[in-house]
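J.: Before I ask anything, let me first share the structure, which is written out below as structure tokens.
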Amino acid sequence: MSQAFDVVVIGGGPGGYIAAIRAAQLGFKVACIDEWKNAAGGPAPGGTCTNVGCIPSKALLQSSEHFDHASHHFAEHGISTGAVKMDVAKMIARKDGVVKQNNDGILYLLKKNKVSFFHGRGSFVAAADGAYQIKVAGAAEEVISGKQVIVATGSNARALPGVEFDEVNVLSNDGALRVGAVPKKLGVIGSGVIGLEMGSVWRRLGAEVVILEGMPAFLPAADEAVAKEALKVFTKQGLKIELGVKIAEVKNAKKGVTVAYTNAKGEAQELAVDKLIVSIGRVANTIGLNPEAVGLQLDERGAIVVDAECRTNLPGVWAVGDVVRGPMLAHKAEEEGVAVAERIAGQHGHVNFNTIPYVIYTSPEIAWVGKTEQQLKADGVAYRSGQFPFLANGRARALGDTTGFVKIVADAKTDEILGVHIIGPQASELIAEAVMAMEFKASSEDIARICHAHPSLSESTKEAALAVDKRTLNF
């Protein structure tokens, strides 16, 4: 007889394992199914985020930033190092170690919270007797059942039509994290988060990096002021970014990759590179889920259709994270996972899409939350804005990184903060204050009147808030 559970979670990424743990904390008997494998074939929960996304990319970004500082910035601090060399194999090994620590930590948390873990691919078999039968295809095949099912199967990299990822020359985010040596010339198609972060890693280590972007504008989702500053800084750093291109053909040969394209002027161009990273977005992962067995509805893009509370068309079946609508962000998946577990328990789980922060971990970092200035203009919302540069921030000067600024947009009548946009040092950490402020419906005056430590980067947030009212303290 198959094991029966109150809640079965399919997928052990940020949305899945968090949902499983929260459901267990709420008193349910919970199973979590995940198929990721480590190099030894053992379980590696954490999904794309932990294995080939957020965590390993940040490890490489940190290593490459250390190399860049040692090569170009230590001398101004009086530190002499001599010739600096990068052992790429050791850098990759460190990254793998960081990933394994996170995998092991998730397994520990599942066990601590009494979640039954199944290593294998989960798929629907049938619905019967008020529950759903789920097959686990792992080392051994078995079928378990759950009264409630949460699908958290994540997403996969989108490939260019007719151009397969071989993860040797044509790379997805996975292959981009496993390059064994610094390529002489690296091409990147797509100037989104993955393209910019991975391009930055290999640029710092000595690669010539060319980024081809189909959109006519750079970082159109970000505030225009931030995007303009970012393009200027990245170009100065050595990233060659071409906008408004149209890819015609990609040829993958043993010695490298050739990309034929037309530029924004309509002129035919050709780019020959050693490696090509394709980062043109991601697609919902329902491979092997067998949704047709139970009639689970998918949309035209292959994502699972859900309502505002992550309910699917089937009673007792929920879906969260990258496999549903909304931004494909690990922290968005986590929030949805917690909310669904609480809804199953009869509570009122809540996710506010308006206060989900976005971060790009380049140098400088880019982070924002809420509305951009161009969105407010398009919506006809009356607003005021304030901006303060890190160039005038004492802590930033001491760090030796004065690039960028903090910008706040607030409602012209109520002064409620509608958006905060940061490009500069530690933007990923600074944005948290803005998220909290917006969750509590704070005004720009509220931030202006809060005491911020001196000297700190967060003083730039206070100054930006003061600038909304055209006042300044000029720390």
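A note on labels: chains of the structure tokens are A, B, ... as shown, every chain counts residues from 1, and ligands are counted from 1 in their shown order.
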Determine which residues of range 10-215 of chain A receive a DSSP assignment of strand (DSSP E), computed from the backbone, and state them as a JSON list (two decimals) with N, CA, C and O atoms, in the first residue's frame.
T.:
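Printed below is result_7.json as written:
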```
[["chain", "number", "residue", "atom", "x", "y", "z"],
["A", 10, "ILE", "N", 5.80, 18.70, -5.12],
["A", 10, "ILE", "CA", 6.61, 18.23, -6.25],
["A", 10, "ILE", "C", 7.59, 19.33, -6.62],
["A", 10, "ILE", "O", 7.21, 20.36, -7.17],
["A", 30, "VAL", "N", 3.88, 15.66, 5.57],
["A", 30, "VAL", "CA", 4.31, 16.25, 4.30],
["A", 30, "VAL", "C", 5.39, 15.40, 3.63],
["A", 30, "VAL", "O", 6.29, 14.86, 4.29],
["A", 31, "ALA", "N", 5.30, 15.32, 2.31],
["A", 31, "ALA", "CA", 6.35, 14.72, 1.49],
["A", 31, "ALA", "C", 6.84, 15.76, 0.50],
["A", 31, "ALA", "O", 6.06, 16.57, -0.01],
["A", 32, "CYS", "N", 8.14, 15.72, 0.21],
["A", 32, "CYS", "CA", 8.73, 16.60, -0.79],
["A", 32, "CYS", "C", 9.51, 15.75, -1.78],
["A", 32, "CYS", "O", 10.37, 14.95, -1.38],
["A", 33, "ILE", "N", 9.21, 15.90, -3.06],
["A", 33, "ILE", "CA", 9.86, 15.12, -4.12],
["A", 33, "ILE", "C", 10.77, 16.04, -4.92],
["A", 33, "ILE", "O", 10.35, 17.11, -5.35],
["A", 34, "ASP", "N", 12.01, 15.62, -5.12],
["A", 34, "ASP", "CA", 12.93, 16.43, -5.92],
["A", 34, "ASP", "C", 13.92, 15.52, -6.64],
["A", 34, "ASP", "O", 14.42, 14.56, -6.06],
["A", 116, "SER", "N", 9.12, 14.10, 4.82],
["A", 116, "SER", "CA", 9.63, 12.90, 4.15],
["A", 116, "SER", "C", 10.15, 13.29, 2.77],
["A", 116, "SER", "O", 9.40, 13.82, 1.95],
["A", 117, "PHE", "N", 11.43, 13.02, 2.52],
["A", 117, "PHE", "CA", 12.04, 13.41, 1.26],
["A", 117, "PHE", "C", 12.14, 12.22, 0.32],
["A", 117, "PHE", "O", 12.59, 11.14, 0.71],
["A", 118, "PHE", "N", 11.73, 12.43, -0.93],
["A", 118, "PHE", "CA", 11.81, 11.39, -1.96],
["A", 118, "PHE", "C", 12.68, 11.91, -3.10],
["A", 118, "PHE", "O", 12.39, 12.97, -3.68],
["A", 119, "HIS", "N", 13.72, 11.15, -3.43],
["A", 119, "HIS", "CA", 14.65, 11.58, -4.47],
["A", 119, "HIS", "C", 14.25, 10.95, -5.80],
["A", 119, "HIS", "O", 14.38, 9.75, -6.00],
["A", 120, "GLY", "N", 13.74, 11.77, -6.69],
["A", 120, "GLY", "CA", 13.30, 11.29, -8.00],
["A", 120, "GLY", "C", 12.37, 12.29, -8.64],
["A", 120, "GLY", "O", 12.11, 13.37, -8.10],
["A", 121, "ARG", "N", 11.88, 11.95, -9.82],
["A", 121, "ARG", "CA", 10.96, 12.84, -10.53],
["A", 121, "ARG", "C", 9.52, 12.52, -10.15],
["A", 121, "ARG", "O", 9.08, 11.37, -10.23],
["A", 122, "GLY", "N", 8.78, 13.54, -9.76],
["A", 122, "GLY", "CA", 7.39, 13.34, -9.39],
["A", 122, "GLY", "C", 6.46, 13.62, -10.55],
["A", 122, "GLY", "O", 6.66, 14.57, -11.31],
["A", 123, "SER", "N", 5.44, 12.78, -10.71],
["A", 123, "SER", "CA", 4.47, 12.98, -11.78],
["A", 123, "SER", "C", 3.10, 12.48, -11.34],
["A", 123, "SER", "O", 2.99, 11.56, -10.53],
["A", 124, "PHE", "N", 2.07, 13.10, -11.89],
["A", 124, "PHE", "CA", 0.71, 12.70, -11.56],
["A", 124, "PHE", "C", 0.39, 11.35, -12.19],
["A", 124, "PHE", "O", 0.79, 11.06, -13.32],
["A", 125, "VAL", "N", -0.33, 10.53, -11.44],
["A", 125, "VAL", "CA", -0.80, 9.24, -11.94],
["A", 125, "VAL", "C", -2.31, 9.27, -12.12],
["A", 125, "VAL", "O", -2.85, 8.98, -13.20],
["A", 126, "ALA", "N", -3.01, 9.65, -11.05],
["A", 126, "ALA", "CA", -4.47, 9.68, -11.11],
["A", 126, "ALA", "C", -5.01, 10.37, -9.86],
["A", 126, "ALA", "O", -4.29, 10.59, -8.88],
["A", 127, "ALA", "N", -6.28, 10.73, -9.94],
["A", 127, "ALA", "CA", -6.99, 11.26, -8.77],
["A", 127, "ALA", "C", -7.99, 10.21, -8.32],
["A", 127, "ALA", "O", -8.75, 9.68, -9.14],
["A", 128, "ALA", "N", -7.96, 9.87, -7.03],
["A", 128, "ALA", "CA", -8.86, 8.83, -6.53],
["A", 128, "ALA", "C", -9.08, 8.99, -5.04],
["A", 128, "ALA", "O", -8.15, 9.32, -4.29],
["A", 131, "ALA", "N", -7.85, 12.09, -3.11],
["A", 131, "ALA", "CA", -6.41, 12.32, -3.06],
["A", 131, "ALA", "C", -5.82, 12.16, -4.46],
["A", 131, "ALA", "O", -6.49, 11.68, -5.39],
["A", 132, "TYR", "N", -4.56, 12.54, -4.60],
["A", 132, "TYR", "CA", -3.86, 12.41, -5.88],
["A", 132, "TYR", "C", -2.70, 11.42, -5.73],
["A", 132, "TYR", "O", -1.93, 11.51, -4.76],
["A", 133, "GLN", "N", -2.62, 10.50, -6.68],
["A", 133, "GLN", "CA", -1.51, 9.55, -6.69],
["A", 133, "GLN", "C", -0.35, 10.17, -7.46],
["A", 133, "GLN", "O", -0.52, 10.66, -8.58],
["A", 134, "ILE", "N", 0.81, 10.14, -6.83],
["A", 134, "ILE", "CA", 2.02, 10.74, -7.42],
["A", 134, "ILE", "C", 3.10, 9.68, -7.54],
["A", 134, "ILE", "O", 3.46, 9.04, -6.54],
["A", 135, "LYS", "N", 3.59, 9.48, -8.75],
["A", 135, "LYS", "CA", 4.68, 8.52, -8.96],
["A", 135, "LYS", "C", 6.01, 9.21, -8.73],
["A", 135, "LYS", "O", 6.24, 10.33, -9.18],
["A", 136, "VAL", "N", 6.90, 8.52, -8.02],
["A", 136, "VAL", "CA", 8.26, 8.99, -7.82],
["A", 136, "VAL", "C", 9.19, 8.07, -8.59],
["A", 136, "VAL", "O", 9.33, 6.89, -8.25],
["A", 137, "ALA", "N", 9.80, 8.60, -9.65],
["A", 137, "ALA", "CA", 10.71, 7.80, -10.48],
["A", 137, "ALA", "C", 12.14, 8.15, -10.10],
["A", 137, "ALA", "O", 12.70, 9.14, -10.55],
["A", 138, "GLY", "N", 12.70, 7.33, -9.22],
["A", 138, "GLY", "CA", 14.08, 7.53, -8.79],
["A", 138, "GLY", "C", 14.86, 6.25, -8.95],
["A", 138, "GLY", "O", 14.68, 5.51, -9.94],
["A", 141, "GLU", "N", 11.11, 2.89, -8.25],
["A", 141, "GLU", "CA", 9.86, 3.59, -8.54],
["A", 141, "GLU", "C", 8.82, 3.24, -7.48],
["A", 141, "GLU", "O", 8.66, 2.09, -7.09],
["A", 142, "GLU", "N", 8.11, 4.27, -7.01],
["A", 142, "GLU", "CA", 7.04, 4.06, -6.06],
["A", 142, "GLU", "C", 5.96, 5.10, -6.27],
["A", 142, "GLU", "O", 6.17, 6.11, -6.93],
["A", 143, "VAL", "N", 4.79, 4.83, -5.69],
["A", 143, "VAL", "CA", 3.67, 5.75, -5.80],
["A", 143, "VAL", "C", 3.23, 6.15, -4.41],
["A", 143, "VAL", "O", 3.04, 5.30, -3.53],
["A", 144, "ILE", "N", 3.10, 7.46, -4.19],
["A", 144, "ILE", "CA", 2.59, 7.97, -2.92],
["A", 144, "ILE", "C", 1.32, 8.75, -3.22],
["A", 144, "ILE", "O", 0.98, 9.01, -4.37],
["A", 145, "SER", "N", 0.60, 9.13, -2.17],
["A", 145, "SER", "CA", -0.63, 9.90, -2.40],
["A", 145, "SER", "C", -0.67, 11.11, -1.48],
["A", 145, "SER", "O", -0.08, 11.11, -0.40],
["A", 146, "GLY", "N", -1.36, 12.14, -1.96],
["A", 146, "GLY", "CA", -1.50, 13.36, -1.17],
["A", 146, "GLY", "C", -2.88, 13.96, -1.33],
["A", 146, "GLY", "O", -3.41, 14.03, -2.44],
["A", 147, "LYS", "N", -3.47, 14.37, -0.20],
["A", 147, "LYS", "CA", -4.77, 15.04, -0.25],
["A", 147, "LYS", "C", -4.63, 16.42, -0.91],
["A", 147, "LYS", "O", -5.54, 16.89, -1.59],
["A", 148, "GLN", "N", -3.50, 17.06, -0.65],
["A", 148, "GLN", "CA", -3.18, 18.35, -1.25],
["A", 148, "GLN", "C", -1.83, 18.21, -1.98],
["A", 148, "GLN", "O", -0.93, 17.55, -1.47],
["A", 149, "VAL", "N", -1.72, 18.83, -3.14],
["A", 149, "VAL", "CA", -0.47, 18.77, -3.90],
["A", 149, "VAL", "C", -0.05, 20.19, -4.26],
["A", 149, "VAL", "O", -0.86, 20.99, -4.72],
["A", 150, "ILE", "N", 1.23, 20.48, -4.02],
["A", 150, "ILE", "CA", 1.80, 21.76, -4.41],
["A", 150, "ILE", "C", 2.86, 21.49, -5.49],
["A", 150, "ILE", "O", 3.83, 20.79, -5.24],
["A", 151, "VAL", "N", 2.64, 22.03, -6.67],
["A", 151, "VAL", "CA", 3.59, 21.86, -7.77],
["A", 151, "VAL", "C", 4.56, 23.04, -7.76],
["A", 151, "VAL", "O", 4.14, 24.20, -7.85],
["A", 155, "SER", "N", 11.64, 26.25, -13.57],
["A", 155, "SER", "CA", 11.73, 26.64, -14.97],
["A", 155, "SER", "C", 13.03, 26.15, -15.58],
["A", 155, "SER", "O", 13.95, 25.74, -14.88],
["A", 156, "ASN", "N", 13.09, 26.21, -16.91],
["A", 156, "ASN", "CA", 14.29, 25.84, -17.66],
["A", 156, "ASN", "C", 14.71, 27.00, -18.55],
["A", 156, "ASN", "O", 13.88, 27.85, -18.92],
["A", 157, "ALA", "N", 15.98, 27.02, -18.91],
["A", 157, "ALA", "CA", 16.48, 28.07, -19.79],
["A", 157, "ALA", "C", 15.82, 27.97, -21.16],
["A", 157, "ALA", "O", 15.63, 26.87, -21.69],
["A", 170, "VAL", "N", 27.81, 26.40, -26.64],
["A", 170, "VAL", "CA", 26.56, 27.15, -26.48],
["A", 170, "VAL", "C", 26.01, 26.84, -25.08],
["A", 170, "VAL", "O", 25.62, 25.70, -24.79],
["A", 171, "LEU", "N", 26.00, 27.86, -24.24],
["A", 171, "LEU", "CA", 25.77, 27.64, -22.81],
["A", 171, "LEU", "C", 24.47, 28.25, -22.31],
["A", 171, "LEU", "O", 24.11, 29.37, -22.67],
["A", 185, "LYS", "N", 37.28, 35.19, -25.93],
["A", 185, "LYS", "CA", 36.16, 36.04, -26.32],
["A", 185, "LYS", "C", 34.86, 35.33, -26.00],
["A", 185, "LYS", "O", 34.66, 34.18, -26.38],
["A", 186, "LEU", "N", 33.98, 36.03, -25.30],
["A", 186, "LEU", "CA", 32.71, 35.46, -24.86],
["A", 186, "LEU", "C", 31.56, 36.27, -25.44],
["A", 186, "LEU", "O", 31.53, 37.50, -25.33],
["A", 187, "GLY", "N", 30.61, 35.58, -26.04],
["A", 187, "GLY", "CA", 29.40, 36.23, -26.51],
["A", 187, "GLY", "C", 28.25, 35.93, -25.58],
["A", 187, "GLY", "O", 28.17, 34.84, -25.01],
["A", 188, "VAL", "N", 27.36, 36.89, -25.42],
["A", 188, "VAL", "CA", 26.17, 36.71, -24.59],
["A", 188, "VAL", "C", 24.97, 37.24, -25.38],
["A", 188, "VAL", "O", 24.99, 38.38, -25.85],
["A", 189, "ILE", "N", 23.96, 36.41, -25.54],
["A", 189, "ILE", "CA", 22.73, 36.86, -26.17],
["A", 189, "ILE", "C", 21.70, 37.10, -25.07],
["A", 189, "ILE", "O", 21.27, 36.17, -24.40],
["A", 208, "GLU", "N", 37.11, 39.04, -23.28],
["A", 208, "GLU", "CA", 36.45, 40.10, -24.02],
["A", 208, "GLU", "C", 34.99, 39.69, -24.16],
["A", 208, "GLU", "O", 34.70, 38.61, -24.68],
["A", 209, "VAL", "N", 34.09, 40.51, -23.68],
["A", 209, "VAL", "CA", 32.68, 40.14, -23.62],
["A", 209, "VAL", "C", 31.84, 41.05, -24.50],
["A", 209, "VAL", "O", 31.90, 42.28, -24.37],
["A", 210, "VAL", "N", 31.05, 40.43, -25.37],
["A", 210, "VAL", "CA", 30.12, 41.16, -26.23],
["A", 210, "VAL", "C", 28.71, 40.67, -25.93],
["A", 210, "VAL", "O", 28.43, 39.46, -25.99],
["A", 211, "ILE", "N", 27.83, 41.60, -25.59],
["A", 211, "ILE", "CA", 26.45, 41.26, -25.26],
["A", 211, "ILE", "C", 25.54, 41.78, -26.37],
["A", 211, "ILE", "O", 25.57, 42.97, -26.72],
["A", 212, "LEU", "N", 24.74, 40.88, -26.93],
["A", 212, "LEU", "CA", 23.78, 41.23, -27.98],
["A", 212, "LEU", "C", 22.38, 41.20, -27.41],
["A", 212, "LEU", "O", 21.94, 40.18, -26.87]]
```
J.: Excluding Glu445 in chain A and its own-chain neighbours fewer than 4 positions away, which residues fall within 12 Å of it when counting only C-alpha atoms? Please give them as a PDB file with C-alpha atoms, in the first residue's frame.
T.:
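And here's part_28.pdb as it stands now:
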```pdb
ATOM      1  CA  GLY A 386      14.256  62.582  -5.148  1.00  0.00           C
ATOM      2  CA  ILE A 408      12.735  57.549  -4.573  1.00  0.00           C
ATOM      3  CA  VAL A 409       9.403  58.283  -6.250  1.00  0.00           C
ATOM      4  CA  ALA A 410       6.432  59.212  -4.060  1.00  0.00           C
ATOM      5  CA  ASP A 411       2.808  60.164  -4.562  1.00  0.00           C
ATOM      6  CA  THR A 414      -0.025  61.674  -0.057  1.00  0.00           C
ATOM      7  CA  ASP A 415       3.784  61.338  -0.148  1.00  0.00           C
ATOM      8  CA  GLU A 416       3.401  57.521  -0.022  1.00  0.00           C
ATOM      9  CA  ILE A 417       6.492  55.825  -1.446  1.00  0.00           C
ATOM     10  CA  ALA A 437       8.728  50.963   4.137  1.00  0.00           C
ATOM     11  CA  LYS A 441       2.664  52.351   3.433  1.00  0.00           C
ATOM     12  CA  ARG A 449      12.820  61.326   9.736  1.00  0.00           C
ATOM     13  CA  ILE A 450      14.188  57.883  10.672  1.00  0.00           C
ATOM     14  CA  CYS A 451      17.648  57.997  12.258  1.00  0.00           C
ATOM     15  CA  THR A 461      18.288  56.567   1.085  1.00  0.00           C
ATOM     16  CA  LYS A 462      17.502  59.159   3.757  1.00  0.00           C
ATOM     17  CA  GLU A 463      18.923  61.926   1.587  1.00  0.00           C
ATOM     18  CA  ALA A 464      16.905  60.738  -1.431  1.00  0.00           C
ATOM     19  CA  ALA A 465      13.790  60.870   0.738  1.00  0.00           C
ATOM     20  CA  LEU A 466      14.679  64.408   1.807  1.00  0.00           C
ATOM     21  CA  ALA A 467      15.206  65.336  -1.830  1.00  0.00           C
ATOM     22  CA  VAL A 468      11.625  64.339  -2.617  1.00  0.00           C
ATOM     23  CA  ASP A 469      10.684  67.392  -0.534  1.00  0.00           C
ATOM     24  CA  LYS A 470      13.598  69.367  -2.040  1.00  0.00           C
ATOM     25  CA  ARG A 471      15.379  69.376   1.299  1.00  0.00           C
TER      26      ARG A 471
END
```
J.: Quick one: residues within 12 Å of Gly105 in chain A, only C-alpha atoms counted, chain neighbours fewer than 3 positions away excluded, as a list in words?
T.: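 Once the adjacent positions are removed, what remains is Tyr17, Pro43, Ala44, Pro45, Gly46, Thr50, Val98, Val99, Lys100, Gln101, Asn102, Tyr108, Leu109, Leu110, Lys111 and Lys112 of chain A.
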J.: Which of range 145-381 of chain A counts as helix (DSSP H, G or I) under DSSP, as JSON, numbers by chain please?
T.: {"A": [173, 174, 175, 176, 193, 194, 195, 196, 197, 198, 199, 200, 201, 202, 203, 204, 224, 225, 226, 227, 228, 229, 230, 231, 232, 233, 234, 235, 236, 237, 291, 292, 293, 321, 322, 323, 330, 331, 332, 333, 334, 335, 336, 337, 338, 339, 340, 341, 342, 343, 344, 353, 354, 355, 373, 374, 375, 376, 377, 378, 379]}
J.: For a quick check of understanding, using only C-alpha atoms, which of A:Phe390, A:His77, A:Ala382, A:Ile277 has the smallest distance to Glu167 in chain A?
T.: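 Among the listed residues, A:Ile277 lies closest to Glu167 in chain A.
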J.: Quick one: distance from CA of Ala339 in chain A to CA of Arg22 in chain A in Å, one decimal?
T.: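 Computing the Euclidean distance for CA of Ala339 in chain A and CA of Arg22 in chain A yields 9.0 Å.
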J.: Which distance in Å separates CA of Val369 in chain A and CA of Ile280 in chain A, to one decimal?
T.: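 Interatomic distance here is 22.5 Å.
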J.: Please provide the set of residues having any atom within 10 Å of Ala89 in chain A, restricted to only C-alpha atoms, with same-chain residues fewer than 4 positions apart removed, written as number ranges by chain.
T.: A: 93-95, 178-181
J.: At a cut-off of 10 Å, using only C-alpha atoms, what residues contact Ile247 in chain A? Leave out same-chain residues fewer than 4 positions from it and give the result as an mmCIF file with N, CA and C atoms, in the first residue's frame.
T.:
```cif
data_model
loop_
_atom_site.group_PDB
_atom_site.id
_atom_site.type_symbol
_atom_site.label_atom_id
_atom_site.label_comp_id
_atom_site.auth_asym_id
_atom_site.auth_seq_id
_atom_site.Cartn_x
_atom_site.Cartn_y
_atom_site.Cartn_z
ATOM 1 N N LEU A 160 17.519 29.390 -28.078
ATOM 2 C CA LEU A 160 17.228 30.016 -29.365
ATOM 3 C C LEU A 160 16.654 28.969 -30.302
ATOM 4 N N ILE A 189 23.965 36.409 -25.543
ATOM 5 C CA ILE A 189 22.728 36.865 -26.174
ATOM 6 C C ILE A 189 21.701 37.104 -25.074
ATOM 7 N N LEU A 212 24.738 40.879 -26.931
ATOM 8 C CA LEU A 212 23.784 41.233 -27.983
ATOM 9 C C LEU A 212 22.380 41.202 -27.408
ATOM 10 N N GLU A 213 21.678 42.307 -27.490
ATOM 11 C CA GLU A 213 20.342 42.441 -26.913
ATOM 12 C C GLU A 213 19.349 42.826 -28.002
ATOM 13 N N GLY A 214 18.224 42.105 -28.061
ATOM 14 C CA GLY A 214 17.219 42.370 -29.078
ATOM 15 C C GLY A 214 16.390 43.612 -28.819
ATOM 16 N N VAL A 259 28.031 33.986 -34.672
ATOM 17 C CA VAL A 259 26.676 34.538 -34.635
ATOM 18 C C VAL A 259 26.524 35.562 -35.758
ATOM 19 N N ALA A 260 25.600 35.317 -36.659
ATOM 20 C CA ALA A 260 25.261 36.288 -37.700
ATOM 21 C C ALA A 260 24.039 37.069 -37.234
ATOM 22 N N TYR A 261 24.105 38.393 -37.324
ATOM 23 C CA TYR A 261 22.994 39.221 -36.855
ATOM 24 C C TYR A 261 22.992 40.546 -37.594
ATOM 25 N N THR A 262 21.890 41.249 -37.452
ATOM 26 C CA THR A 262 21.828 42.615 -37.960
ATOM 27 C C THR A 262 21.778 43.562 -36.776
ATOM 28 N N ASN A 263 22.491 44.678 -36.886
ATOM 29 C CA ASN A 263 22.506 45.629 -35.787
ATOM 30 C C ASN A 263 21.296 46.557 -35.850
ATOM 31 N N ALA A 268 24.262 44.027 -41.628
ATOM 32 C CA ALA A 268 24.659 42.645 -41.347
ATOM 33 C C ALA A 268 25.984 42.622 -40.603
ATOM 34 N N GLN A 269 26.031 41.823 -39.530
ATOM 35 C CA GLN A 269 27.236 41.714 -38.709
ATOM 36 C C GLN A 269 27.508 40.240 -38.422
ATOM 37 N N GLU A 270 28.748 39.970 -38.018
ATOM 38 C CA GLU A 270 29.104 38.605 -37.618
ATOM 39 C C GLU A 270 30.008 38.667 -36.396
#
```
J.: Excluding same-chain residues fewer than 3 positions from Asp307 in chain A, what lies within 10 Å of it counting only C-alpha atoms, as a PyMOL selection string?
T.: chain A and resi 310-313+318-319+324-325
J.: Find the residues near Glu342 in chain A: any atom within 12 Å, counting only C-alpha atoms, skip ones fewer than 6 places away on the same chain, and give them as a list in words.
T.: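 So, after excluding close chain neighbours, the residues are Val7, Ile18, Ala19, Ala20, Ile21, Arg22, Ala23, Ala24, Gln25, Leu26, Gly27, Phe28, Glu309, Cys310, Glu335, Glu336, His348, Gly349, His350 and Val351 of chain A.
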J.: Just checking: using only C-alpha atoms, which residue out of A:Gly192, A:Gly337, A:Pro425, A:Pro327 ends up closest to Gly11 in chain A?
T.: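 Of A:Gly192, A:Gly337, A:Pro425, A:Pro327, the one nearest Gly11 in chain A is A:Gly337, counting only C-alpha atoms.
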J.: How many Å lie between CA of Ala330 in chain A and CA of Phe405 in chain A, rounded to one decimal?
T.: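 Rounded to one decimal, the two atoms are 25.7 Å apart.
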